[in-house]
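A.B. asks: Pasting query05.tsv below, which is TSV, C-alpha atoms.
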```
chain	number	residue	atom	x	y	z
B	18	MET	CA	162.74	139.35	81.46
B	19	ARG	CA	163.52	138.06	84.92
B	20	SER	CA	163.50	134.29	85.11
B	21	LEU	CA	160.82	132.54	87.17
B	22	THR	CA	161.92	130.76	90.32
B	23	TRP	CA	161.01	127.13	91.03
B	24	GLY	CA	158.67	128.30	93.75
B	25	THR	CA	156.82	130.57	91.33
B	26	LEU	CA	156.61	127.80	88.73
B	27	PHE	CA	155.27	125.37	91.34
B	28	LEU	CA	152.63	127.88	92.44
B	29	LEU	CA	151.57	128.51	88.84
B	30	SER	CA	151.33	124.78	88.19
B	31	LEU	CA	149.00	124.43	91.16
B	32	ILE	CA	146.81	127.26	89.85
B	33	TRP	CA	146.68	125.81	86.33
B	34	SER	CA	145.95	122.30	87.58
B	35	THR	CA	143.19	123.32	90.00
B	36	PRO	CA	139.82	122.42	88.46
B	37	ALA	CA	137.30	125.22	88.12
B	38	THR	CA	134.41	124.82	90.51
B	39	GLY	CA	131.12	126.61	90.73
B	40	LYS	CA	130.25	128.96	93.53
B	41	GLU	CA	128.71	127.36	96.60
B	42	LEU	CA	125.43	129.09	97.32
B	43	SER	CA	123.55	129.56	100.56
B	44	PRO	CA	120.07	127.98	100.86
B	45	ARG	CA	118.61	131.46	100.44
B	46	GLU	CA	120.56	132.05	97.23
B	47	ILE	CA	119.56	128.62	95.89
B	48	TYR	CA	115.91	129.37	96.63
B	49	GLU	CA	116.03	132.78	94.98
B	50	GLN	CA	117.72	131.28	91.92
B	51	ALA	CA	115.62	128.13	91.47
B	52	SER	CA	112.18	128.71	92.99
B	53	PRO	CA	110.79	130.84	90.11
B	54	ALA	CA	111.14	127.73	87.91
B	55	VAL	CA	109.34	125.46	90.39
B	56	VAL	CA	105.61	124.98	89.84
B	57	MET	CA	102.63	123.43	91.58
B	58	VAL	CA	100.83	120.70	89.61
B	59	MET	CA	97.22	119.63	90.12
B	60	GLY	CA	95.45	116.86	88.21
B	61	TYR	CA	91.77	115.91	88.35
B	62	ALA	CA	89.15	114.15	86.28
B	63	ASP	CA	86.09	115.77	84.73
B	64	GLY	CA	83.25	115.95	87.21
B	65	SER	CA	85.43	114.82	90.11
B	66	ARG	CA	86.22	116.72	93.28
B	67	LYS	CA	89.24	114.51	93.99
B	68	GLY	CA	92.59	114.43	92.30
B	69	SER	CA	96.33	114.61	92.84
B	70	GLY	CA	98.80	117.36	93.58
B	71	GLY	CA	102.54	117.76	93.56
B	72	THR	CA	105.49	119.80	92.37
B	73	GLY	CA	107.30	120.17	89.07
B	74	SER	CA	110.34	121.90	87.56
B	75	ILE	CA	110.40	123.93	84.36
B	76	ILE	CA	113.33	122.47	82.42
B	77	GLN	CA	112.92	124.36	79.14
B	78	SER	CA	111.90	127.98	78.73
B	79	ASP	CA	109.14	127.09	76.24
B	80	GLY	CA	107.17	125.42	79.03
B	81	LEU	CA	108.37	121.83	79.46
B	82	VAL	CA	107.88	120.65	83.03
B	83	LEU	CA	109.41	117.57	84.67
B	84	THR	CA	107.46	115.93	87.50
B	85	ASN	CA	106.45	112.52	88.91
B	86	ALA	CA	104.13	110.26	86.93
B	87	HIS	CA	102.03	109.53	90.02
B	88	VAL	CA	101.22	113.25	90.28
B	89	VAL	CA	99.53	113.35	86.85
B	90	ILE	CA	98.31	109.77	86.30
B	91	GLU	CA	94.88	108.78	87.58
B	92	GLU	CA	95.25	105.68	89.73
B	93	GLN	CA	91.92	104.14	88.70
B	94	THR	CA	92.52	104.38	84.94
B	95	GLY	CA	96.31	104.39	84.69
B	96	ARG	CA	95.98	107.29	82.25
B	97	PRO	CA	96.78	111.02	82.57
B	98	PHE	CA	94.17	113.13	84.32
B	99	ALA	CA	91.71	114.78	81.95
B	100	ARG	CA	92.61	118.18	83.37
B	101	LEU	CA	95.96	119.45	84.55
B	102	SER	CA	96.48	122.86	86.13
B	103	VAL	CA	99.97	124.21	86.69
B	104	PHE	CA	100.60	127.21	88.92
B	105	LEU	CA	103.59	129.50	88.41
B	106	LYS	CA	105.29	131.04	91.43
B	107	PRO	CA	104.17	134.56	92.33
B	108	ALA	CA	106.67	137.33	92.98
B	109	ARG	CA	106.09	136.80	96.71
B	110	VAL	CA	104.45	133.87	98.48
B	111	THR	CA	102.08	135.21	101.13
B	112	GLY	CA	100.33	132.09	102.40
B	113	GLU	CA	97.04	133.21	100.84
B	114	SER	CA	96.10	130.59	98.25
B	115	LYS	CA	93.98	133.03	96.23
B	116	SER	CA	96.96	135.26	95.47
B	117	ASP	CA	99.69	132.61	95.56
B	118	LEU	CA	97.86	130.48	92.97
B	119	SER	CA	96.71	133.28	90.68
B	120	ARG	CA	99.13	132.42	87.84
B	121	MET	CA	97.45	129.28	86.49
B	122	VAL	CA	98.10	127.71	83.10
B	123	ARG	CA	96.75	124.49	81.65
B	124	ALA	CA	99.06	121.67	80.70
B	125	LYS	CA	99.07	118.29	79.01
B	126	VAL	CA	101.17	115.17	79.47
B	127	VAL	CA	103.46	114.49	76.53
B	128	ALA	CA	105.38	111.52	77.96
B	129	TYR	CA	105.47	109.43	81.09
B	130	SER	CA	107.02	106.33	82.66
B	131	GLN	CA	105.36	104.81	85.68
B	132	PRO	CA	108.24	102.43	86.56
B	133	LEU	CA	110.63	105.41	86.73
B	134	ASP	CA	107.82	107.64	88.08
B	135	LEU	CA	108.61	110.42	85.62
B	136	ALA	CA	106.33	112.59	83.52
B	137	LEU	CA	106.91	115.41	81.06
B	138	LEU	CA	104.30	118.15	80.74
B	139	LYS	CA	103.85	120.94	78.19
B	140	LEU	CA	102.32	124.20	79.36
B	141	ASP	CA	99.71	125.75	77.09
B	142	GLY	CA	99.89	129.29	75.79
B	143	VAL	CA	103.48	130.14	76.74
B	144	THR	CA	104.23	133.43	75.00
B	145	GLU	CA	107.50	134.43	76.64
B	146	PRO	CA	110.53	132.50	77.96
B	147	LEU	CA	110.07	131.02	81.41
B	148	PRO	CA	112.77	130.57	84.08
B	149	VAL	CA	114.28	127.10	84.17
B	150	VAL	CA	115.90	124.75	86.67
B	151	ASP	CA	119.36	123.63	85.60
B	152	VAL	CA	119.33	119.81	85.55
B	153	SER	CA	122.75	118.47	86.51
B	154	GLU	CA	124.37	115.67	84.55
B	155	SER	CA	127.67	115.81	86.40
B	156	GLY	CA	127.00	112.93	88.77
B	157	ARG	CA	129.17	114.66	91.37
B	158	ALA	CA	126.61	114.42	94.17
B	159	ARG	CA	127.76	112.09	96.93
B	160	ILE	CA	126.70	110.91	100.36
B	161	GLY	CA	127.10	113.78	102.82
B	162	ASP	CA	126.63	116.53	100.25
B	163	ARG	CA	124.31	119.35	101.25
B	164	VAL	CA	121.05	119.53	99.29
B	165	VAL	CA	117.79	121.47	99.42
B	166	ALA	CA	114.28	120.76	98.19
B	167	ILE	CA	111.53	123.11	97.02
B	168	GLY	CA	107.90	122.02	96.94
B	169	HIS	CA	104.43	122.17	98.43
B	170	PRO	CA	104.33	119.78	101.41
B	171	GLU	CA	100.96	118.73	102.78
B	172	GLN	CA	99.91	120.97	105.69
B	173	GLY	CA	102.85	123.22	104.92
B	174	GLY	CA	103.33	126.30	102.80
B	175	LEU	CA	103.51	126.66	99.05
B	176	TRP	CA	107.01	126.87	97.56
B	177	THR	CA	108.54	125.61	100.80
B	178	LEU	CA	112.31	125.27	101.19
B	179	THR	CA	113.79	122.39	103.23
B	180	THR	CA	117.44	121.51	103.72
B	181	GLY	CA	119.49	118.41	104.47
B	182	VAL	CA	122.11	116.09	103.04
B	183	ILE	CA	122.28	113.03	100.82
B	184	SER	CA	122.13	110.06	103.19
B	185	ALA	CA	122.61	107.03	100.90
B	186	GLU	CA	122.47	105.79	97.32
B	187	VAL	CA	120.19	102.95	96.20
B	188	ASP	CA	120.38	101.27	92.80
B	189	ASN	CA	117.37	99.61	91.15
B	190	PHE	CA	114.97	101.09	93.69
B	191	ASN	CA	111.92	98.91	94.46
B	192	GLY	CA	113.33	96.31	92.08
B	193	VAL	CA	113.02	98.55	89.00
B	194	ARG	CA	116.12	98.14	86.88
B	195	GLY	CA	117.83	101.46	86.19
B	196	LYS	CA	115.84	103.34	88.81
B	197	HIS	CA	118.72	104.73	90.86
B	198	VAL	CA	117.89	107.05	93.74
B	199	PHE	CA	119.40	109.14	96.49
B	200	GLN	CA	118.12	108.66	100.00
B	201	THR	CA	117.95	112.00	101.78
B	202	GLU	CA	116.99	113.30	105.19
B	203	THR	CA	115.84	116.56	103.62
B	204	GLY	CA	112.28	117.20	104.80
B	205	LEU	CA	109.88	115.81	102.17
B	206	ASN	CA	106.16	115.11	102.43
B	207	ARG	CA	103.23	114.48	100.16
B	208	GLY	CA	103.07	117.49	97.89
B	209	ASN	CA	106.86	117.54	97.39
B	210	SER	CA	106.49	114.76	94.82
B	211	GLY	CA	108.04	115.68	91.49
B	212	GLY	CA	109.95	118.65	92.84
B	213	PRO	CA	113.68	119.29	92.55
B	214	LEU	CA	116.45	118.17	94.89
B	215	LEU	CA	119.17	120.80	94.40
B	216	ASP	CA	122.88	120.78	95.17
B	217	ASP	CA	124.83	123.65	96.71
B	218	GLU	CA	125.23	125.29	93.29
B	219	GLY	CA	121.49	125.28	92.65
B	220	HIS	CA	121.57	122.44	90.10
B	221	MET	CA	118.94	119.71	90.17
B	222	VAL	CA	120.53	116.42	91.20
B	223	GLY	CA	117.31	114.54	91.89
B	224	VAL	CA	113.53	114.42	91.42
B	225	ASN	CA	111.80	113.93	94.78
B	226	THR	CA	109.84	110.72	94.42
B	227	ALA	CA	109.02	108.68	97.53
B	228	ILE	CA	108.80	108.88	101.30
B	229	ALA	CA	108.89	106.31	104.10
B	230	ARG	CA	106.85	107.33	107.11
B	231	VAL	CA	105.45	104.23	108.85
B	232	ALA	CA	107.06	100.81	109.35
B	233	SER	CA	105.09	97.58	108.95
B	234	ASP	CA	104.59	97.39	112.71
B	235	GLY	CA	103.26	100.96	112.89
B	236	LEU	CA	106.47	102.53	114.20
B	237	PRO	CA	106.84	106.07	112.82
B	238	ILE	CA	109.77	106.62	110.46
B	239	THR	CA	111.40	110.01	109.95
B	240	SER	CA	114.01	111.48	107.61
B	241	ILE	CA	113.82	108.64	105.05
B	242	SER	CA	112.96	110.02	101.63
B	243	PHE	CA	114.06	109.20	98.10
B	244	SER	CA	114.89	111.24	95.01
B	245	LEU	CA	115.41	109.80	91.55
B	246	LYS	CA	118.91	110.68	90.38
B	247	SER	CA	119.10	113.39	87.73
B	248	SER	CA	121.24	111.11	85.55
B	249	VAL	CA	118.29	108.72	85.27
B	250	ALA	CA	115.94	111.61	84.46
B	251	THR	CA	118.22	113.09	81.78
B	252	GLN	CA	118.62	109.69	80.10
B	253	TRP	CA	114.84	109.25	80.03
B	254	LEU	CA	114.40	112.78	78.67
B	255	ARG	CA	116.79	112.03	75.82
B	256	GLU	CA	114.67	109.03	74.95
B	257	GLN	CA	111.75	111.44	74.61
B	258	GLY	CA	113.79	113.69	72.32
B	259	VAL	CA	114.43	116.29	75.00
B	260	GLY	CA	117.96	117.50	75.54
B	261	VAL	CA	118.49	119.10	78.93
B	262	GLY	CA	119.32	122.73	78.40
B	263	GLY	CA	118.89	122.34	74.65
B	264	GLN	CA	116.23	121.86	72.04
B	265	GLY	CA	113.80	119.00	71.58
B	266	GLY	CA	110.27	118.12	72.50
B	267	GLY	CA	108.11	115.31	73.76
B	268	LYS	CA	107.23	112.53	71.33
B	269	GLY	CA	103.75	111.93	72.71
B	270	VAL	CA	102.14	110.11	75.55
B	271	ARG	CA	103.68	106.83	76.57
B	272	GLY	CA	101.74	104.40	78.69
B	273	ILE	CA	103.72	101.98	80.84
B	274	ASP	CA	102.13	99.73	83.45
B	275	ARG	CA	102.70	100.84	87.02
B	276	THR	CA	104.91	98.44	88.91
B	277	ASP	CA	105.84	100.35	92.04
B	278	LEU	CA	104.09	102.06	94.92
B	279	ILE	CA	105.18	105.65	95.28
B	280	ASP	CA	104.54	108.18	98.02
B	281	GLN	CA	102.52	105.80	100.17
B	282	PRO	CA	100.33	107.83	102.54
B	283	ALA	CA	101.39	107.66	106.16
B	284	SER	CA	97.71	107.56	107.07
B	285	SER	CA	97.50	103.92	105.94
B	286	VAL	CA	98.81	103.02	109.40
B	287	GLN	CA	98.01	105.15	112.40
B	288	PRO	CA	100.55	104.57	115.19
B	289	GLN	CA	99.43	105.17	118.74
B	290	VAL	CA	101.72	107.81	120.18
B	291	LYS	CA	101.17	109.00	123.74
B	292	PRO	CA	101.42	112.75	124.32
B	293	ALA	CA	104.43	113.92	126.23
B	294	GLN	CA	103.79	114.24	129.98
B	295	PRO	CA	105.34	116.78	132.36
B	296	PRO	CA	108.19	115.49	134.52
B	297	GLN	CA	107.02	113.83	137.76
B	298	SER	CA	109.01	116.31	139.79
B	299	ASP	CA	106.97	119.17	138.33
B	300	LEU	CA	103.75	117.44	139.28
B	301	SER	CA	104.87	116.96	142.88
B	302	LEU	CA	105.93	120.57	143.20
B	303	LYS	CA	102.72	121.91	141.67
B	304	PRO	CA	99.89	119.60	142.72
B	305	THR	CA	97.25	122.23	142.02
B	306	MET	CA	98.41	123.16	138.52
B	307	LYS	CA	95.69	123.02	135.89
B	308	PRO	CA	96.02	120.28	133.28
B	309	GLU	CA	97.17	121.49	129.92
B	310	VAL	CA	94.37	121.93	127.40
B	311	ALA	CA	95.14	120.56	123.96
B	312	GLN	CA	95.25	123.35	121.42
B	313	PRO	CA	93.29	122.96	118.18
B	314	ALA	CA	95.34	121.98	115.14
B	315	PRO	CA	96.47	125.03	113.19
B	316	VAL	CA	94.69	125.81	109.95
B	317	ARG	CA	96.69	124.29	107.12
B	318	PRO	CA	98.04	126.93	104.71
B	319	TYR	CA	96.43	125.12	101.81
B	320	ASN	CA	93.95	122.28	101.46
B	321	LEU	CA	94.64	120.24	98.33
B	322	ASP	CA	91.19	118.66	98.18
B	323	LYS	CA	89.52	122.07	98.41
B	324	LEU	CA	91.85	123.54	95.78
B	325	ILE	CA	91.00	120.70	93.39
B	326	SER	CA	87.29	121.03	94.11
B	327	ASP	CA	87.37	124.80	93.53
B	328	ARG	CA	89.41	124.38	90.36
B	329	GLU	CA	87.07	121.72	88.98
B	330	LYS	CA	84.03	123.92	89.70
B	331	ALA	CA	85.66	126.91	88.01
B	332	GLU	CA	86.48	124.80	84.94
B	333	ALA	CA	82.93	123.43	84.80
B	334	ASP	CA	81.45	126.95	85.10
B	335	LEU	CA	83.74	128.18	82.33
B	336	ASP	CA	82.80	125.29	80.03
B	337	SER	CA	79.10	125.92	80.71
B	338	MET	CA	79.47	129.63	79.98
B	339	MET	CA	81.36	128.99	76.74
B	340	SER	CA	78.74	126.45	75.64
B	341	GLU	CA	75.94	128.93	76.37
B	342	MET	CA	77.72	131.68	74.43
B	343	ARG	CA	78.23	129.41	71.43
B	344	GLY	CA	74.53	128.51	71.55
B	345	ARG	CA	73.51	132.16	71.57
B	346	MET	CA	75.79	132.94	68.62
B	347	LYS	CA	74.30	130.10	66.60
B	348	GLY	CA	70.80	131.36	67.37
B	349	ARG	CA	71.44	134.78	65.91
```
Hey, can you dump this file as structure tokens for me?
C.D. replies:
Amino acid sequence: MRSLTWGTLFLLSLIWSTPATGKELSPREIYEQASPAVVMVMGYADGSRKGSGGTGSIIQSDGLVLTNAHVVIEEQTGRPFARLSVFLKPARVTGESKSDLSRMVRAKVVAYSQPLDLALLKLDGVTEPLPVVDVSESGRARIGDRVVAIGHPEQGGLWTLTTGVISAEVDNFNGVRGKHVFQTETGLNRGNSGGPLLDDEGHMVGVNTAIARVASDGLPITSISFSLKSSVATQWLREQGVGVGGQGGGKGVRGIDRTDLIDQPASSVQPQVKPAQPPQSDLSLKPTMKPEVAQPAPVRPYNLDKLISDREKAEADLDSMMSEMRGRMKGR
């Protein structure tokens, strides 16, 4: 056998010592890989036409879903909503709520932490394995890394993809010990809460949790959003008996007093922003031009309040029908 040269040995040593890395995916590939395991979550009380909505990630194929606590906990009672509806992604999102939200399953809360703003749901009636989001425990995500988010932003589309980077890291967010977050300029809005922040390999590195939209003086804020680090989520899941990517199950509902304000609505402060005006030079050149007429706001692709109201009415009608049928059977 011919002996290896030093150059060949050096090259082989470089190959052997190079760590194996996963394939970097395009945003489209990440979306195609992860979005089937992303769900829409709606919570509402019996007899109420108001509730909460957000996003969740299926983390086990038997129907365990990770989301934010503030999506499924009723603010007035501090307890889980009486009714939870979870919608699975259709084969193709069309923008028509009737078809996009046709795959509905009921769910229940099995564990939650309000300080960490995490909740674990169990879907009812799962008869076949569901797609899952791979929750990363690597801790490799760093400032400047490319990330994407999938969710249902208010006044946007269902199963929306937005892209950006990790902007900063913040430990003990809002003074909660152990609540470590990424700041990101990835586009997030109400409705993205509880959804996944994914790295360029399609692994979840964060749970989208909070947004900053208006400063104390009313100045609009943009591109400041926060995602709970996946390492915090996986540690909490282990405490519930859930191993990421393995077996385990929730241990029951945990009630912890809320200590932080999450996803504060931007509508709490309404800044006065003047509409953009045409350049003065244009006005002098065209003194007879007609003033621009403000166009009506576009119809929002989905209205959360209406969806909750329709869902609550459907549930009430179903309960009434079932009660009537049971009464008829007893009367026979």
A.B. asks: Between atom CA of Asn206 of chain B and atom CA of Ala158 of chain B, measure the distance and give it in Å to one decimal.
C.D. replies: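 Atom CA of Ala158 of chain B lies at a distance of 22.1 Å from atom CA of Asn206 of chain B.
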A.B. asks: Have a look at atom CA of His87 of chain B and atom CA of Gly211 of chain B and let me know their distance in Å, one decimal.
C.D. replies: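 Taking atom CA of His87 of chain B as the start and atom CA of Gly211 of chain B as the end point, the length is 8.7 Å.
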A.B. asks: Env of Met59 of chain B: 7 Å cut, atoms = all atoms listed in the file, seq-sep filter 4 positions within chain, self excluded. Answer as a list in words.
C.D. replies: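 With the cut-off at 7 Å, the set is Ser69, Gly70, Gly71, Leu101, Ser102 and Val103 of chain B.
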A.B. asks: Quick one: contact table of segment 121-239 of chain B to segment 38-57 of chain B, 8 Å max, nearest atom pair and distance in Å to one decimal per residue, counting all atoms listed in the file, chain and number order, as a tab-separated table?
C.D. replies:
```
residue	atom	partner	partner_atom	distance
B:Leu147	CA	B:Ala54	CA	7.4
B:Pro148	CA	B:Ala54	CA	5.0
B:Val149	CA	B:Ala54	CA	4.9
B:Val150	CA	B:Ala54	CA	5.8
B:Val165	CA	B:Pro44	CA	7.0
B:Ile167	CA	B:Ser52	CA	6.9
B:Gly168	CA	B:Val55	CA	7.5
B:His169	CA	B:Met57	CA	7.2
B:Trp176	CA	B:Ser52	CA	7.1
B:Leu178	CA	B:Tyr48	CA	7.1
B:Thr180	CA	B:Pro44	CA	7.5
B:Gly212	CA	B:Val55	CA	7.3
B:Pro213	CA	B:Val55	CA	7.8
B:Leu215	CA	B:Ile47	CA	8.0
B:Asp217	CA	B:Glu41	CA	5.4
B:Glu218	CA	B:Glu41	CA	5.2
B:Gly219	CA	B:Ile47	CA	5.0
```
A.B. asks: Output the selection as a PDB file, keeping the file's coordinate frame - C-alpha atoms for each residue.
C.D. replies:
```pdb
ATOM      1  CA  LEU B 147     110.070 131.020  81.410  1.00  0.00           C
ATOM      2  CA  PRO B 148     112.770 130.570  84.080  1.00  0.00           C
ATOM      3  CA  VAL B 149     114.280 127.100  84.170  1.00  0.00           C
ATOM      4  CA  VAL B 150     115.900 124.750  86.670  1.00  0.00           C
ATOM      5  CA  VAL B 165     117.790 121.470  99.420  1.00  0.00           C
ATOM      6  CA  ILE B 167     111.530 123.110  97.020  1.00  0.00           C
ATOM      7  CA  GLY B 168     107.900 122.020  96.940  1.00  0.00           C
ATOM      8  CA  HIS B 169     104.430 122.170  98.430  1.00  0.00           C
ATOM      9  CA  TRP B 176     107.010 126.870  97.560  1.00  0.00           C
ATOM     10  CA  LEU B 178     112.310 125.270 101.190  1.00  0.00           C
ATOM     11  CA  THR B 180     117.440 121.510 103.720  1.00  0.00           C
ATOM     12  CA  GLY B 212     109.950 118.650  92.840  1.00  0.00           C
ATOM     13  CA  PRO B 213     113.680 119.290  92.550  1.00  0.00           C
ATOM     14  CA  LEU B 215     119.170 120.800  94.400  1.00  0.00           C
ATOM     15  CA  ASP B 217     124.830 123.650  96.710  1.00  0.00           C
ATOM     16  CA  GLU B 218     125.230 125.290  93.290  1.00  0.00           C
ATOM     17  CA  GLY B 219     121.490 125.280  92.650  1.00  0.00           C
TER      18      GLY B 219
END
```
A.B. asks: Would you tabulate, counting all atoms listed in the file, all residues of segment 154-273 of chain B that have an atom at most 10 Å from an atom of segment 110-114 of chain B, showing the closest pair of atoms and their distance in Å to one decimal, sorted by chain then ascending number, as a Markdown table?
C.D. replies:
```
| residue | atom | partner | partner_atom | distance |
| --- | --- | --- | --- | --- |
| B:Gly173 | CA | B:Gly112 | CA | 9.6 |
| B:Gly174 | CA | B:Gly112 | CA | 6.5 |
| B:Leu175 | CA | B:Gly112 | CA | 7.1 |
| B:Trp176 | CA | B:Val110 | CA | 7.5 |
| B:Thr177 | CA | B:Val110 | CA | 9.5 |
```
A.B. asks: For atom CA of Val198 of chain B and atom CA of Asn225 of chain B, determine how far apart the two atoms are, in Å to one decimal place.
C.D. replies: 9.2 Å
A.B. asks: Restricting the calculation to only C-alpha atoms, which member of B:Ile160, B:Leu214, B:Val152, B:Ala62 is positioned closest to Leu245 of chain B?
C.D. replies: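 Smallest separation from Leu245 of chain B among the options: B:Leu214.
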A.B. asks: Between B:Val261, B:Ile90, B:Val58, B:Ala227, single out the one closest to Gln131 of chain B, counting all atoms listed in the file.
C.D. replies: B:Ile90
A.B. asks: (116.0, 102.8, 90.7) in this file's frame - what residues fall within 12 Å of it? Use all atoms listed in the file and give the answer as a PyMOL selection string.
C.D. replies: chain B and resi 131-135+186-200+223-224+226-227+243-250+277
